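What's in target-v7.pdb: PDB, C-alpha atoms, pLDDT in the B column
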MODEL        1
ATOM      1  CA  MET A   1     120.402  63.005 160.008  1.00 63.00           C
ATOM      2  CA  HIS A   2     117.163  64.697 159.204  1.00 68.00           C
ATOM      3  CA  THR A   3     116.979  67.033 156.186  1.00 75.00           C
ATOM      4  CA  GLU A   4     114.196  69.415 155.533  1.00 78.00           C
ATOM      5  CA  ILE A   5     112.378  69.004 152.229  1.00 73.00           C
ATOM      6  CA  SER A   6     111.164  72.155 150.553  1.00 78.00           C
ATOM      7  CA  PRO A   7     107.394  72.515 150.281  1.00 77.00           C
ATOM      8  CA  TRP A   8     107.452  72.777 146.480  1.00 72.00           C
ATOM      9  CA  ILE A   9     109.271  69.429 146.246  1.00 71.00           C
ATOM     10  CA  GLU A  10     106.699  67.833 148.560  1.00 72.00           C
ATOM     11  CA  LYS A  11     103.964  69.036 146.195  1.00 72.00           C
ATOM     12  CA  LEU A  12     105.709  67.270 143.275  1.00 68.00           C
ATOM     13  CA  THR A  13     106.037  63.924 145.025  1.00 70.00           C
ATOM     14  CA  PRO A  14     102.668  62.545 143.799  1.00 72.00           C
ATOM     15  CA  TYR A  15     103.544  63.560 140.222  1.00 73.00           C
ATOM     16  CA  ARG A  16     106.992  61.917 140.242  1.00 75.00           C
ATOM     17  CA  LEU A  17     105.909  59.254 137.732  1.00 75.00           C
ATOM     18  CA  VAL A  18     104.399  61.853 135.386  1.00 79.00           C
ATOM     19  CA  ILE A  19     107.576  63.976 135.510  1.00 81.00           C
ATOM     20  CA  ALA A  20     109.788  60.943 134.889  1.00 81.00           C
ATOM     21  CA  LEU A  21     107.648  59.837 131.939  1.00 84.00           C
ATOM     22  CA  GLY A  22     107.658  63.387 130.546  1.00 89.00           C
ATOM     23  CA  ALA A  23     111.464  63.601 130.812  1.00 91.00           C
ATOM     24  CA  ALA A  24     111.851  60.177 129.179  1.00 91.00           C
ATOM     25  CA  PHE A  25     109.481  61.211 126.388  1.00 95.00           C
ATOM     26  CA  LEU A  26     111.469  64.417 125.828  1.00 95.00           C
ATOM     27  CA  VAL A  27     114.766  62.478 125.647  1.00 96.00           C
ATOM     28  CA  LEU A  28     113.173  59.988 123.253  1.00 96.00           C
ATOM     29  CA  LEU A  29     111.855  62.828 121.075  1.00 95.00           C
ATOM     30  CA  ILE A  30     115.301  64.463 120.891  1.00 95.00           C
ATOM     31  CA  ALA A  31     116.908  61.094 120.058  1.00 95.00           C
ATOM     32  CA  LEU A  32     114.371  60.462 117.274  1.00 94.00           C
ATOM     33  CA  ALA A  33     114.944  63.945 115.858  1.00 93.00           C
ATOM     34  CA  TRP A  34     118.708  63.278 115.839  1.00 91.00           C
ATOM     35  CA  VAL A  35     118.259  59.919 114.111  1.00 92.00           C
ATOM     36  CA  ALA A  36     115.938  61.453 111.500  1.00 89.00           C
ATOM     37  CA  TRP A  37     118.451  64.198 110.750  1.00 87.00           C
ATOM     38  CA  ARG A  38     121.339  61.700 110.469  1.00 88.00           C
ATOM     39  CA  TRP A  39     119.162  59.474 108.279  1.00 89.00           C
ATOM     40  CA  SER A  40     118.721  62.310 105.775  1.00 85.00           C
ATOM     41  CA  VAL A  41     122.479  62.909 105.788  1.00 83.00           C
ATOM     42  CA  ALA A  42     123.064  59.207 105.127  1.00 85.00           C
ATOM     43  CA  GLU A  43     120.531  59.242 102.281  1.00 88.00           C
ATOM     44  CA  ASP A  44     122.304  62.237 100.719  1.00 85.00           C
ATOM     45  CA  ARG A  45     125.639  60.428 100.921  1.00 83.00           C
ATOM     46  CA  MET A  46     124.116  57.275  99.492  1.00 88.00           C
ATOM     47  CA  GLU A  47     122.715  59.271  96.570  1.00 87.00           C
ATOM     48  CA  MET A  48     126.159  60.811  95.977  1.00 81.00           C
ATOM     49  CA  MET A  49     127.793  57.367  96.036  1.00 81.00           C
ATOM     50  CA  GLN A  50     125.173  56.027  93.624  1.00 84.00           C
ATOM     51  CA  GLN A  51     125.888  58.898  91.254  1.00 80.00           C
ATOM     52  CA  GLN A  52     129.617  58.161  91.473  1.00 71.00           C
ATOM     53  CA  ALA A  53     128.937  54.476  90.832  1.00 74.00           C
ATOM     54  CA  THR A  54     126.957  55.419  87.732  1.00 74.00           C
ATOM     55  CA  GLU A  55     129.890  57.478  86.447  1.00 66.00           C
ATOM     56  CA  GLY A  56     132.335  54.805  87.527  1.00 64.00           C
ATOM     57  CA  PHE A  57     134.927  54.588  90.242  1.00 64.00           C
ATOM     58  CA  LEU A  58     138.529  53.791  89.556  1.00 66.00           C
ATOM     59  CA  GLN A  59     138.360  51.790  86.349  1.00 68.00           C
ATOM     60  CA  ALA A  60     140.895  49.336  85.053  1.00 68.00           C
ATOM     61  CA  PRO A  61     143.141  50.864  82.414  1.00 68.00           C
ATOM     62  CA  SER A  62     142.742  49.586  78.887  1.00 72.00           C
ATOM     63  CA  SER A  63     146.170  50.702  77.694  1.00 78.00           C
ATOM     64  CA  THR A  64     149.510  51.915  78.979  1.00 85.00           C
ATOM     65  CA  ARG A  65     151.310  55.002  77.782  1.00 86.00           C
ATOM     66  CA  THR A  66     154.764  56.258  78.727  1.00 89.00           C
ATOM     67  CA  VAL A  67     155.194  60.009  79.061  1.00 89.00           C
ATOM     68  CA  ARG A  68     158.659  61.552  79.320  1.00 91.00           C
ATOM     69  CA  ILE A  69     158.936  64.845  81.153  1.00 90.00           C
ATOM     70  CA  ASP A  70     162.165  66.822  80.921  1.00 88.00           C
ATOM     71  CA  LEU A  71     162.276  69.165  83.898  1.00 85.00           C
ATOM     72  CA  ARG A  72     164.949  71.344  82.287  1.00 85.00           C
ATOM     73  CA  ASN A  73     162.580  72.138  79.421  1.00 84.00           C
ATOM     74  CA  PRO A  74     159.055  71.314  80.643  1.00 78.00           C
ATOM     75  CA  SER A  75     156.225  71.487  78.143  1.00 80.00           C
ATOM     76  CA  ARG A  76     152.527  70.985  78.783  1.00 84.00           C
ATOM     77  CA  VAL A  77     151.624  67.300  78.643  1.00 83.00           C
ATOM     78  CA  GLY A  78     148.158  66.001  77.757  1.00 83.00           C
ATOM     79  CA  VAL A  79     146.768  62.897  79.457  1.00 82.00           C
ATOM     80  CA  GLY A  80     143.453  61.078  79.260  1.00 76.00           C
ATOM     81  CA  GLY A  81     140.765  61.942  76.756  1.00 70.00           C
ATOM     82  CA  GLY A  82     140.308  58.440  75.405  1.00 69.00           C
ATOM     83  CA  LYS A  83     137.183  56.370  75.587  1.00 75.00           C
ATOM     84  CA  PHE A  84     138.707  54.218  78.345  1.00 78.00           C
ATOM     85  CA  PRO A  85     141.131  55.113  81.145  1.00 81.00           C
ATOM     86  CA  GLU A  86     144.783  54.437  80.582  1.00 85.00           C
ATOM     87  CA  ARG A  87     147.777  53.854  82.770  1.00 88.00           C
ATOM     88  CA  ILE A  88     150.288  56.663  82.433  1.00 89.00           C
ATOM     89  CA  ASP A  89     153.918  55.871  83.271  1.00 92.00           C
ATOM     90  CA  PHE A  90     155.691  59.165  83.895  1.00 91.00           C
ATOM     91  CA  LEU A  91     159.446  59.201  83.401  1.00 93.00           C
ATOM     92  CA  VAL A  92     160.532  62.450  85.008  1.00 92.00           C
ATOM     93  CA  ASN A  93     164.080  63.406  84.081  1.00 91.00           C
ATOM     94  CA  ALA A  94     165.677  64.604  87.329  1.00 88.00           C
ATOM     95  CA  ARG A  95     169.327  65.115  86.425  1.00 88.00           C
ATOM     96  CA  THR A  96     171.017  66.852  89.307  1.00 88.00           C
ATOM     97  CA  GLU A  97     173.824  66.224  91.769  1.00 88.00           C
ATOM     98  CA  ARG A  98     172.157  68.255  94.527  1.00 90.00           C
ATOM     99  CA  TYR A  99     169.588  65.657  95.596  1.00 91.00           C
ATOM    100  CA  ALA A 100     169.512  61.897  95.994  1.00 91.00           C
ATOM    101  CA  ARG A 101     165.860  61.607  97.128  1.00 93.00           C
ATOM    102  CA  PHE A 102     162.808  63.392  95.806  1.00 94.00           C
ATOM    103  CA  ARG A 103     159.163  64.059  96.502  1.00 95.00           C
ATOM    104  CA  VAL A 104     156.823  64.132  93.497  1.00 94.00           C
ATOM    105  CA  SER A 105     153.378  65.677  93.921  1.00 94.00           C
ATOM    106  CA  LEU A 106     150.530  65.935  91.440  1.00 92.00           C
ATOM    107  CA  LEU A 107     148.296  68.890  92.250  1.00 92.00           C
ATOM    108  CA  ARG A 108     145.276  70.460  90.618  1.00 89.00           C
ATOM    109  CA  ASP A 109     145.754  74.013  89.387  1.00 88.00           C
ATOM    110  CA  ASP A 110     144.013  75.294  92.538  1.00 87.00           C
ATOM    111  CA  GLY A 111     146.597  73.520  94.735  1.00 85.00           C
ATOM    112  CA  THR A 112     144.559  70.468  95.785  1.00 86.00           C
ATOM    113  CA  LEU A 113     146.826  67.459  96.219  1.00 90.00           C
ATOM    114  CA  ILE A 114     145.934  64.437  94.050  1.00 88.00           C
ATOM    115  CA  VAL A 115     148.977  62.132  94.294  1.00 90.00           C
ATOM    116  CA  HIS A 116     151.949  62.326  96.615  1.00 91.00           C
ATOM    117  CA  ALA A 117     155.044  60.122  96.230  1.00 92.00           C
ATOM    118  CA  ASP A 118     157.665  60.604  98.903  1.00 93.00           C
ATOM    119  CA  GLN A 119     161.314  59.507  99.223  1.00 92.00           C
ATOM    120  CA  MET A 120     161.646  58.576  95.549  1.00 93.00           C
ATOM    121  CA  VAL A 121     165.020  57.661  94.076  1.00 93.00           C
ATOM    122  CA  ARG A 122     166.072  57.771  90.443  1.00 91.00           C
ATOM    123  CA  ASP A 123     166.625  54.759  88.248  1.00 91.00           C
ATOM    124  CA  SER A 124     169.822  54.126  86.275  1.00 90.00           C
ATOM    125  CA  ASN A 125     168.698  56.592  83.578  1.00 90.00           C
ATOM    126  CA  MET A 126     168.307  59.378  86.200  1.00 90.00           C
ATOM    127  CA  ASP A 127     164.501  59.247  85.844  1.00 92.00           C
ATOM    128  CA  LEU A 128     161.886  59.318  88.564  1.00 93.00           C
ATOM    129  CA  ARG A 129     159.139  56.843  87.729  1.00 94.00           C
ATOM    130  CA  LEU A 130     155.515  57.432  88.674  1.00 92.00           C
ATOM    131  CA  SER A 131     152.497  55.552  87.305  1.00 91.00           C
ATOM    132  CA  LEU A 132     148.844  56.439  87.695  1.00 89.00           C
ATOM    133  CA  ASN A 133     145.435  55.628  86.326  1.00 86.00           C
ATOM    134  CA  THR A 134     143.779  58.481  84.403  1.00 83.00           C
ATOM    135  CA  SER A 135     140.397  57.674  85.930  1.00 80.00           C
ATOM    136  CA  ILE A 136     141.551  59.512  89.083  1.00 81.00           C
ATOM    137  CA  LEU A 137     142.020  62.720  87.081  1.00 81.00           C
ATOM    138  CA  PRO A 138     138.917  64.736  86.254  1.00 80.00           C
ATOM    139  CA  ALA A 139     139.264  67.046  83.272  1.00 82.00           C
ATOM    140  CA  GLY A 140     141.368  70.095  84.089  1.00 86.00           C
ATOM    141  CA  HIS A 141     144.861  71.444  84.520  1.00 91.00           C
ATOM    142  CA  TYR A 142     147.454  69.974  86.868  1.00 92.00           C
ATOM    143  CA  VAL A 143     150.967  70.653  88.134  1.00 92.00           C
ATOM    144  CA  LEU A 144     153.571  67.934  88.594  1.00 92.00           C
ATOM    145  CA  ARG A 145     155.874  69.333  91.295  1.00 93.00           C
ATOM    146  CA  VAL A 146     159.266  67.785  92.057  1.00 93.00           C
ATOM    147  CA  GLU A 147     161.090  68.681  95.253  1.00 94.00           C
ATOM    148  CA  GLY A 148     164.457  67.423  96.421  1.00 93.00           C
ATOM    149  CA  TYR A 149     165.574  66.570  99.928  1.00 93.00           C
ATOM    150  CA  GLY A 150     168.525  68.745 100.925  1.00 90.00           C
ATOM    151  CA  ARG A 151     171.467  67.699 103.064  1.00 88.00           C
ATOM    152  CA  LYS A 152     169.614  68.316 106.344  1.00 87.00           C
ATOM    153  CA  GLY A 153     166.419  66.629 105.146  1.00 87.00           C
ATOM    154  CA  GLN A 154     164.515  69.808 104.280  1.00 92.00           C
ATOM    155  CA  LEU A 155     162.546  69.968 101.042  1.00 92.00           C
ATOM    156  CA  GLU A 156     163.701  72.319  98.310  1.00 92.00           C
ATOM    157  CA  ARG A 157     161.688  73.023  95.187  1.00 92.00           C
ATOM    158  CA  PHE A 158     163.401  71.512  92.174  1.00 92.00           C
ATOM    159  CA  ALA A 159     161.077  71.911  89.168  1.00 90.00           C
ATOM    160  CA  GLU A 160     157.476  71.793  87.924  1.00 91.00           C
ATOM    161  CA  ALA A 161     155.722  70.594  84.805  1.00 90.00           C
ATOM    162  CA  ARG A 162     152.157  71.300  83.624  1.00 91.00           C
ATOM    163  CA  LEU A 163     149.621  68.602  82.730  1.00 89.00           C
ATOM    164  CA  THR A 164     146.225  68.816  81.071  1.00 88.00           C
ATOM    165  CA  ALA A 165     143.682  66.060  81.560  1.00 85.00           C
ATOM    166  CA  ALA A 166     141.086  65.892  78.810  1.00 80.00           C
ATOM    167  CA  PRO A 167     137.528  64.742  79.548  1.00 71.00           C
ATOM    168  CA  ALA A 168     136.829  61.106  78.782  1.00 63.00           C
ATOM    169  CA  ALA A 169     135.040  60.528  75.496  1.00 59.00           C
ATOM    170  CA  ARG A 170     131.656  58.892  76.074  1.00 55.00           C
TER     171      ARG A 170
ENDMDL
END
Take the structure from the file and write it as structure tokens.
Amino acid sequence: MHTEISPWIEKLTPYRLVIALGAAFLVLLIALAWVAWRWSVAEDRMEMMQQQATEGFLQAPSSTRTVRIDLRNPSRVGVGGGKFPERIDFLVNARTERYARFRVSLLRDDGTLIVHADQMVRDSNMDLRLSLNTSILPAGHYVLRVEGYGRKGQLERFAEARLTAAPAAR
């Protein structure tokens, strides 16, 4: 089967090597531009990680403190503020006959989720127990939200308590 080649393609035939090299150079140039851009993104992330490392990641707690929260009469609770992080053991009083399982969420005041504990059950004193390291809490205000699982498995809001995390003393 004979096919007719257009005259403009026949004119390009001697320059096939030049066109191929030009296309390869263009692809290489685009790839290098992409790598350079991603390299700057990686350097920015590395700088951010170095800054976090200077401030300190999750640090080992130096002490343990137990905080009781009564959901029937919640008051603002202060955590952190010491020179070193501490482990906070929350004992959340969840006295009710409506729910057997709970979800406890710790949220920043703006609604950003920090800690989420699902399918929690109470101990023999009717308390929900949750422990956390204060080095995960930047200074600010927080909400400890407790929700109960209803009979059909749907979540129902039970109660909330307010927390305030103080900045670490340096």
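Proximity ranking of A:Leu28, A:Ala159, A:Leu107, A:Ile5 relative to Val92 of chain A places A:Ala159 first, based on only C-alpha atoms.
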Do you know which residues are at most 10 Å from Phe90 of chain A counting only C-alpha atoms, after dropping those on the same chain fewer than 4 positions away, and could you put them as a PyMOL selection string? chain A and resi 65-69+127-132
Can you work out the spacing between atom CA of Ile114 of chain A and atom CA of Phe84 of chain A in Å, to one decimal?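 Here the two named atoms are 20.1 Å from each other.
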Env of Gly153 of chain A: 12 Å cut, atoms = all atoms listed in the file, seq-sep filter 6 positions within chain, self excluded. Answer as a list in words. Tyr99, Ala100, Arg101, Phe102, Arg103, Gln119 and Glu147 of chain A
For Thr96 of chain A, which residue out of A:Ile136, A:Ala23, A:Met126, A:Val146 is the nearest one, using only C-alpha atoms? A:Met126
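Between atom CA of Gly78 of chain A and atom CA of Gln52 of chain A the separation is 24.4 Å.
A straight line drawn from atom CA of Val104 of chain A to atom CA of Asp123 of chain A is 14.5 Å long.
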Might you spell out which residues the PyMOL selection byres ((chain A and resi 160) around 7) would select in the displayed file, as a list in words? Leu71, Val143, Leu144, Arg145, Val146, Ala159, Ala161 and Arg162 of chain A
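You can rank A:Thr3, A:Thr164, A:Gln154, A:Asn133 by their closest distance to Arg87 of chain A using only C-alpha atoms, and at the top of that list sits A:Asn133.
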